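Participant: Below is a structure I'd like to ask you about.
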2 protein chains.
Amino acid sequence: MTVNSWQIATKLKIWIQAAGQHLRQHLYDDLQVATKSNRNDLVTNMDKATEKLLVQEIRQAFPEAKIIGEEGFGDKVADLSGLVFFVDPIDGTMNFVKEKENFAIMIGAYLDGKGIVGVILDVVRQKMFWGGPEFGVYCNDIQIKPPKNIDLAAGLLGVSGPLLRQNKYHVADFVAQSSGARIIGSAGVEFTKVIQGIENGYISHLMPWDFAAGKIMAETLGLKVTNIDGDPLNMLSSEIVLIATERTHQQIMTITREHS
Amino acid sequence: MTVNSWQIATKLKIWIQAAGQHLRQHLYDDLQVATKSNRNDLVTNMDKATEKLLVQEIRQAFPEAKIIGEEGFGDKVADLSGLVFFVDPIDGTMNFVKEKENFAIMIGAYLDGKGIVGVILDVVRQKMFWGGPEFGVYCNDIQIKPPKNIDLAAGLLGVSGPLLRQNKYHVADFVAQSSGARIIGSAGVEFTKVIQGIENGYISHLMPWDFAAGKIMAETLGLKVTNIDGDPLNMLSSEIVLIATERTHQQIMTITREHS
């Protein structure tokens with residue numbers, strides 16, 4: 001299968017821009033909030049409506065593609081052959097409900113398992129991050145330079161609350177060696193921080209739609225994206241995802257091994 | 001001494017607005033960054049220049065007042081008699097340096113130890129939070145309603161990274177019972193989240209200029225602000241500060257006692 005990455009990027013940005021505008025317009029509406037896997041794993045009517053819309057657009061434009069969506073409007077996908085879209089309609093639903101900021105819409109497009117286009121819209125900041133190996137990475141229309149390859153000690157680390165609180169995978173140990181931890185509550189927003197060089201790493205337990213878009217942009221910019229063992233991510237299962245500058249990644253791996 | 005709280009509020013807002021505009025204009029300038037008490041406790045030329053300016057304005061308008069400033073341009077203050085201003089020129093200097101957002105300018109005004117005016121400017125979001133017992137609390141020109149008195153389990157908790165990482169004061173234990181932790185890295189921004197009802201509590205190890213302004217607004221809105229033992233804060237020393245809804249505060253106190 002041959003695809004036009006530029007066409008895919010352009011279409012994804014248009015659809016996500018429209019979906020983001022809709023979310024901003026309805027930010028203070030009454031929401032129907034339900035829980036999923038646990039009491040802090042939320043879904044709203046807006047998550048579902050947004051995914052439904054994005055999935056419809058993708059199906060119409062790319063009828064041959066497979067879709068993996070957080071809220072279940074996509075397909076049951078057993079392998080990564082062909083064109084696959086990973087859709088996260090609202091990443092950081094808890095923030096969407098409570099903070100009214102720090103949430104994102106994300107789509108990652110993969111061809112035969114290789115990332116070709118990633119798009120993350122930080123909805124309230126109105127910053128659209130998009131990119132891929134063919135075009136580089138941009139925030140709106142400004143190209144993002146590869147972040148400096150800085151040491152663990154020289155920067156902030158984004159972490160998930162549960163991993164830090166329970167010191168899982170020695171997260172507390174390597175946070176202690178950094179400039180400090182941040183907990184934002186949205187993988188999408190965290191990815192945008194790392195690709196801009198604001199944080200020099202991020203670690204969390206994520207599903208494929210949480211990391212699919214960010215992984216493409218991060219790797220395009222020379223950042224390392226692996227699981228906690230340093231191995232490539234499985235795009236069809238949940239993973240402990242570590243994204244970091246090469247040096248920070250190496251230093252975290254060393255600490256993890258020393259403590260194991 | 002009699003003072004006009006309305007006059008003080010108006011003047012503080014004008015000075016802080018100007019200082020905030022200046023910081024936004026110079027946000028991407030090269031900074032002179034130095035460390036203070038530890039490698040992650042930063043100060044820049046902009047912290048110093050901003051405090052100097054604010055202290056000058058206060059001295060000119062209120063020559064009889066005492067000033068406690070983070071960067072040392074104020075006075076050595078031994079007691080809280082009379083009019084005392086607490087000045088934090090940039091709260092969240094690490095964020096000012098790295099994130100270019102999530103930092104605040106704060107001033108709290110106290111008369112004989114009682115809070116009369118608190119002002120926190122979230123510089124990049126351009127949100128000015130101001131208030132006191134005489135006027136209520138506002139975000140820009142919109143009055144903020146007292147947050148709902150919600151339970152620990154029903155909301156997000158702002159925490160300091162080191163307290164969560166080391167489970168000091170059982171922070172990890174009560175975070176586990178909440179909807180999740182957030183680490184922003186600025187006490188000022190955290191206070192604005194709690195007074196808006198976005199987070200239902202915040203705990204951190206703070207200096208008086210970190211909590212002086214926020215305490216006034218929080219108490220005006222019916223929130224509890226104490227140290228970790230539940231006692232009133234000492235305005236002349238560092239404290240483990242807990243700000244929360246009444247119910248969350250009580251539930252955290254119970255957990256803290258059970259674990260001690």
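Chain lettering (A, B, ...) mirrors the order of the structure tokens, residue numbering begins at 1 for each chain separately, and ligand numbering begins at 1 in order of display.
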Provide as a list in words the residues of chain A at most 6 Å from chain B, counting only C-alpha atoms.

Facilitator: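 The contacting residues on chain A are Asn40, Lys98, Glu99, Gly161, Arg165, Ala172, Ser179, Ala181, Arg182, Ile183, Ile184 and Ile198 of chain A.
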
Participant: Neighbours of range 62-79 of chain B within 9 Å (only C-alpha atoms; same-chain residues fewer than 3 positions away dropped), as a compact mmCIF listing (two decimals) with all heavy atoms, in the first residue's frame?

Facilitator:
# COMPACT_ATOMS: atom_id res chain seq x y z
N VAL B 43 17.04 31.24 41.25
CA VAL B 43 16.71 32.67 41.21
C VAL B 43 17.32 33.23 39.93
O VAL B 43 18.39 32.80 39.50
CB VAL B 43 17.23 33.41 42.46
CG1 VAL B 43 18.75 33.33 42.57
CG2 VAL B 43 16.80 34.88 42.43
N ASP B 47 13.70 37.66 38.72
CA ASP B 47 13.13 37.61 40.08
C ASP B 47 13.57 38.85 40.85
O ASP B 47 12.76 39.52 41.49
CB ASP B 47 13.63 36.38 40.86
CG ASP B 47 13.23 35.05 40.27
OD1 ASP B 47 13.71 34.72 39.17
OD2 ASP B 47 12.45 34.33 40.90
N LYS B 48 14.87 39.12 40.77
CA LYS B 48 15.43 40.22 41.57
C LYS B 48 14.89 41.56 41.09
O LYS B 48 14.47 42.40 41.89
CB LYS B 48 16.96 40.19 41.49
CG LYS B 48 17.56 39.01 42.26
CD LYS B 48 19.07 38.98 42.13
CE LYS B 48 19.65 37.71 42.74
NZ LYS B 48 21.06 37.53 42.39
N GLU B 51 11.20 41.99 42.12
CA GLU B 51 11.00 42.28 43.55
C GLU B 51 11.43 43.71 43.88
O GLU B 51 10.74 44.42 44.62
CB GLU B 51 11.76 41.30 44.44
CG GLU B 51 11.59 41.66 45.93
CD GLU B 51 11.98 40.54 46.87
OE1 GLU B 51 11.59 39.40 46.61
OE2 GLU B 51 12.67 40.82 47.87
N LYS B 52 12.56 44.11 43.33
CA LYS B 52 13.07 45.46 43.57
C LYS B 52 12.03 46.51 43.20
O LYS B 52 11.74 47.44 43.97
CB LYS B 52 14.34 45.67 42.72
CG LYS B 52 15.38 46.54 43.36
CD LYS B 52 16.68 46.46 42.58
CE LYS B 52 17.56 47.65 42.90
NZ LYS B 52 18.86 47.56 42.19
N VAL B 55 8.94 46.35 45.59
CA VAL B 55 9.29 46.89 46.91
C VAL B 55 9.36 48.41 46.86
O VAL B 55 8.86 49.11 47.76
CB VAL B 55 10.62 46.27 47.41
CG1 VAL B 55 11.21 47.07 48.58
CG2 VAL B 55 10.41 44.81 47.81
N GLU B 57 7.70 50.42 44.84
CA GLU B 57 6.32 50.92 44.74
C GLU B 57 5.66 50.90 46.11
O GLU B 57 5.00 51.87 46.52
CB GLU B 57 5.50 50.05 43.77
CG GLU B 57 6.01 50.00 42.36
CD GLU B 57 5.56 51.19 41.51
OE1 GLU B 57 5.22 52.24 42.07
OE2 GLU B 57 5.56 51.04 40.27
N ILE B 58 5.82 49.80 46.84
CA ILE B 58 5.19 49.69 48.17
C ILE B 58 5.77 50.74 49.11
O ILE B 58 5.03 51.44 49.83
CB ILE B 58 5.37 48.27 48.75
CG1 ILE B 58 4.65 47.23 47.89
CG2 ILE B 58 4.86 48.21 50.19
CD1 ILE B 58 4.97 45.78 48.24
N ARG B 59 7.09 50.90 49.10
CA ARG B 59 7.73 51.86 50.02
C ARG B 59 7.26 53.29 49.75
O ARG B 59 7.04 54.07 50.68
CB ARG B 59 9.26 51.82 49.85
CG ARG B 59 9.91 50.60 50.46
CD ARG B 59 11.36 50.90 50.85
NE ARG B 59 12.14 49.69 51.03
CZ ARG B 59 11.99 48.84 52.05
NH1 ARG B 59 11.08 49.06 52.98
NH2 ARG B 59 12.75 47.77 52.13
N GLY B 82 1.29 46.29 62.71
CA GLY B 82 1.16 47.27 61.62
C GLY B 82 0.88 46.61 60.29
O GLY B 82 0.37 45.48 60.21
N LEU B 83 1.22 47.33 59.22
CA LEU B 83 0.96 46.88 57.86
C LEU B 83 2.19 46.14 57.33
O LEU B 83 3.29 46.69 57.32
CB LEU B 83 0.65 48.10 56.98
CG LEU B 83 0.22 47.86 55.53
CD1 LEU B 83 -1.04 47.00 55.43
CD2 LEU B 83 0.01 49.20 54.82
N VAL B 84 1.99 44.89 56.92
CA VAL B 84 3.11 44.07 56.43
C VAL B 84 2.75 43.49 55.06
O VAL B 84 1.67 42.92 54.88
CB VAL B 84 3.42 42.90 57.41
CG1 VAL B 84 4.60 42.08 56.88
CG2 VAL B 84 3.71 43.43 58.80
N PHE B 85 3.66 43.68 54.11
CA PHE B 85 3.48 43.11 52.77
C PHE B 85 4.44 41.93 52.57
O PHE B 85 5.63 42.04 52.86
CB PHE B 85 3.79 44.16 51.69
CG PHE B 85 2.76 45.25 51.59
CD1 PHE B 85 2.88 46.42 52.35
CD2 PHE B 85 1.67 45.12 50.75
CE1 PHE B 85 1.94 47.43 52.26
CE2 PHE B 85 0.72 46.13 50.65
CZ PHE B 85 0.85 47.29 51.41
N PHE B 86 3.91 40.82 52.06
CA PHE B 86 4.71 39.65 51.69
C PHE B 86 4.80 39.61 50.16
O PHE B 86 3.77 39.54 49.49
CB PHE B 86 4.06 38.35 52.18
CG PHE B 86 3.98 38.24 53.68
CD1 PHE B 86 2.97 38.87 54.39
CD2 PHE B 86 4.93 37.50 54.38
CE1 PHE B 86 2.89 38.75 55.78
CE2 PHE B 86 4.87 37.38 55.76
CZ PHE B 86 3.85 38.02 56.46
N VAL B 87 6.03 39.66 49.64
CA VAL B 87 6.22 39.79 48.19
C VAL B 87 6.95 38.57 47.62
O VAL B 87 8.05 38.23 48.07
CB VAL B 87 7.05 41.06 47.87
CG1 VAL B 87 7.29 41.17 46.36
CG2 VAL B 87 6.34 42.31 48.40
N ASP B 88 6.32 37.91 46.65
CA ASP B 88 7.00 36.85 45.89
C ASP B 88 7.01 37.28 44.42
O ASP B 88 5.99 37.20 43.74
CB ASP B 88 6.28 35.52 46.08
CG ASP B 88 7.12 34.36 45.57
OD1 ASP B 88 8.03 34.60 44.76
OD2 ASP B 88 6.87 33.21 45.99
N PRO B 89 8.16 37.74 43.92
CA PRO B 89 8.20 38.32 42.57
C PRO B 89 7.98 37.29 41.47
O PRO B 89 7.32 37.57 40.48
CB PRO B 89 9.61 38.91 42.48
CG PRO B 89 10.43 38.10 43.45
CD PRO B 89 9.49 37.76 44.58
N ILE B 90 8.55 36.09 41.62
CA ILE B 90 8.27 34.99 40.69
C ILE B 90 8.16 33.72 41.51
O ILE B 90 9.16 33.20 42.01
CB ILE B 90 9.35 34.81 39.60
CG1 ILE B 90 9.51 36.09 38.77
CG2 ILE B 90 8.98 33.64 38.69
CD1 ILE B 90 10.56 35.99 37.66
N ASP B 112 -1.65 44.00 61.37
CA ASP B 112 -1.54 43.41 62.71
C ASP B 112 -1.78 41.89 62.67
O ASP B 112 -2.49 41.33 63.52
CB ASP B 112 -2.51 44.09 63.68
CG ASP B 112 -2.16 45.57 63.88
OD1 ASP B 112 -0.96 45.91 63.88
OD2 ASP B 112 -3.09 46.39 64.04
N GLY B 113 -1.21 41.25 61.66
CA GLY B 113 -1.28 39.79 61.57
C GLY B 113 -2.51 39.24 60.88
O GLY B 113 -2.60 38.03 60.65
N MET B 207 7.36 28.81 52.29
CA MET B 207 7.80 29.99 53.02
C MET B 207 6.63 30.98 53.08
O MET B 207 5.71 30.90 52.28
CB MET B 207 8.99 30.62 52.30
CG MET B 207 10.24 29.74 52.26
SD MET B 207 10.91 29.36 53.90
CE MET B 207 11.64 30.96 54.34
N PRO B 208 6.69 31.94 54.03
CA PRO B 208 5.55 32.87 54.18
C PRO B 208 5.14 33.57 52.87
O PRO B 208 3.95 33.74 52.61
CB PRO B 208 6.05 33.87 55.22
CG PRO B 208 6.99 33.06 56.07
CD PRO B 208 7.68 32.13 55.12
N TRP B 209 6.11 34.01 52.03
CA TRP B 209 5.72 34.69 50.78
C TRP B 209 5.05 33.74 49.80
O TRP B 209 4.39 34.20 48.87
CB TRP B 209 6.93 35.36 50.13
CG TRP B 209 8.14 34.46 50.06
CD1 TRP B 209 8.39 33.47 49.18
CD2 TRP B 209 9.26 34.49 50.95
NE1 TRP B 209 9.59 32.86 49.46
CE2 TRP B 209 10.15 33.48 50.54
CE3 TRP B 209 9.60 35.29 52.06
CZ2 TRP B 209 11.35 33.22 51.19
CZ3 TRP B 209 10.81 35.04 52.70
CH2 TRP B 209 11.67 34.01 52.28
N ASP B 210 5.24 32.42 50.00
CA ASP B 210 4.57 31.44 49.13
C ASP B 210 3.09 31.30 49.45
O ASP B 210 2.30 30.92 48.60
CB ASP B 210 5.20 30.04 49.30
CG ASP B 210 6.63 29.96 48.80
OD1 ASP B 210 6.92 30.54 47.74
OD2 ASP B 210 7.45 29.30 49.47
N LEU B 236 5.92 33.90 60.06
CA LEU B 236 7.32 34.31 60.03
C LEU B 236 8.29 33.14 59.88
O LEU B 236 9.49 33.28 60.12
CB LEU B 236 7.66 35.14 61.29
CG LEU B 236 6.93 36.49 61.37
CD1 LEU B 236 7.17 37.14 62.74
CD2 LEU B 236 7.37 37.44 60.26

Participant: List the neighbours of Asp29 in chain B out to 12 Å using only C-alpha atoms; skip same-chain residues closer than 6 positions along the sequence, and give me the result as a list in words.

Facilitator: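 Listed by chain and then number, they are His22, Leu23, Thr44, Asn45, Met46, Phe96, Val97 and Lys100 of chain B.
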
Participant: Please give the complete set of residues from range 10-216 of chain A that DSSP, run on the backbone, assigns to helix (DSSP H, G or I), formatted as a ChimeraX atom specification.

Facilitator: /A:10-25,45-61,93-98,152-154,161-165,168-175,187-195,208-216

Participant: Please provide the set of residues having any atom within 12 Å of range 223-225 of chain A, restricted to only C-alpha atoms, with same-chain residues fewer than 5 positions apart removed, written as a ChimeraX atom specification.

Facilitator: /A:145-150,191,194-197,199-204,211-218,230-234,239-250,252-253
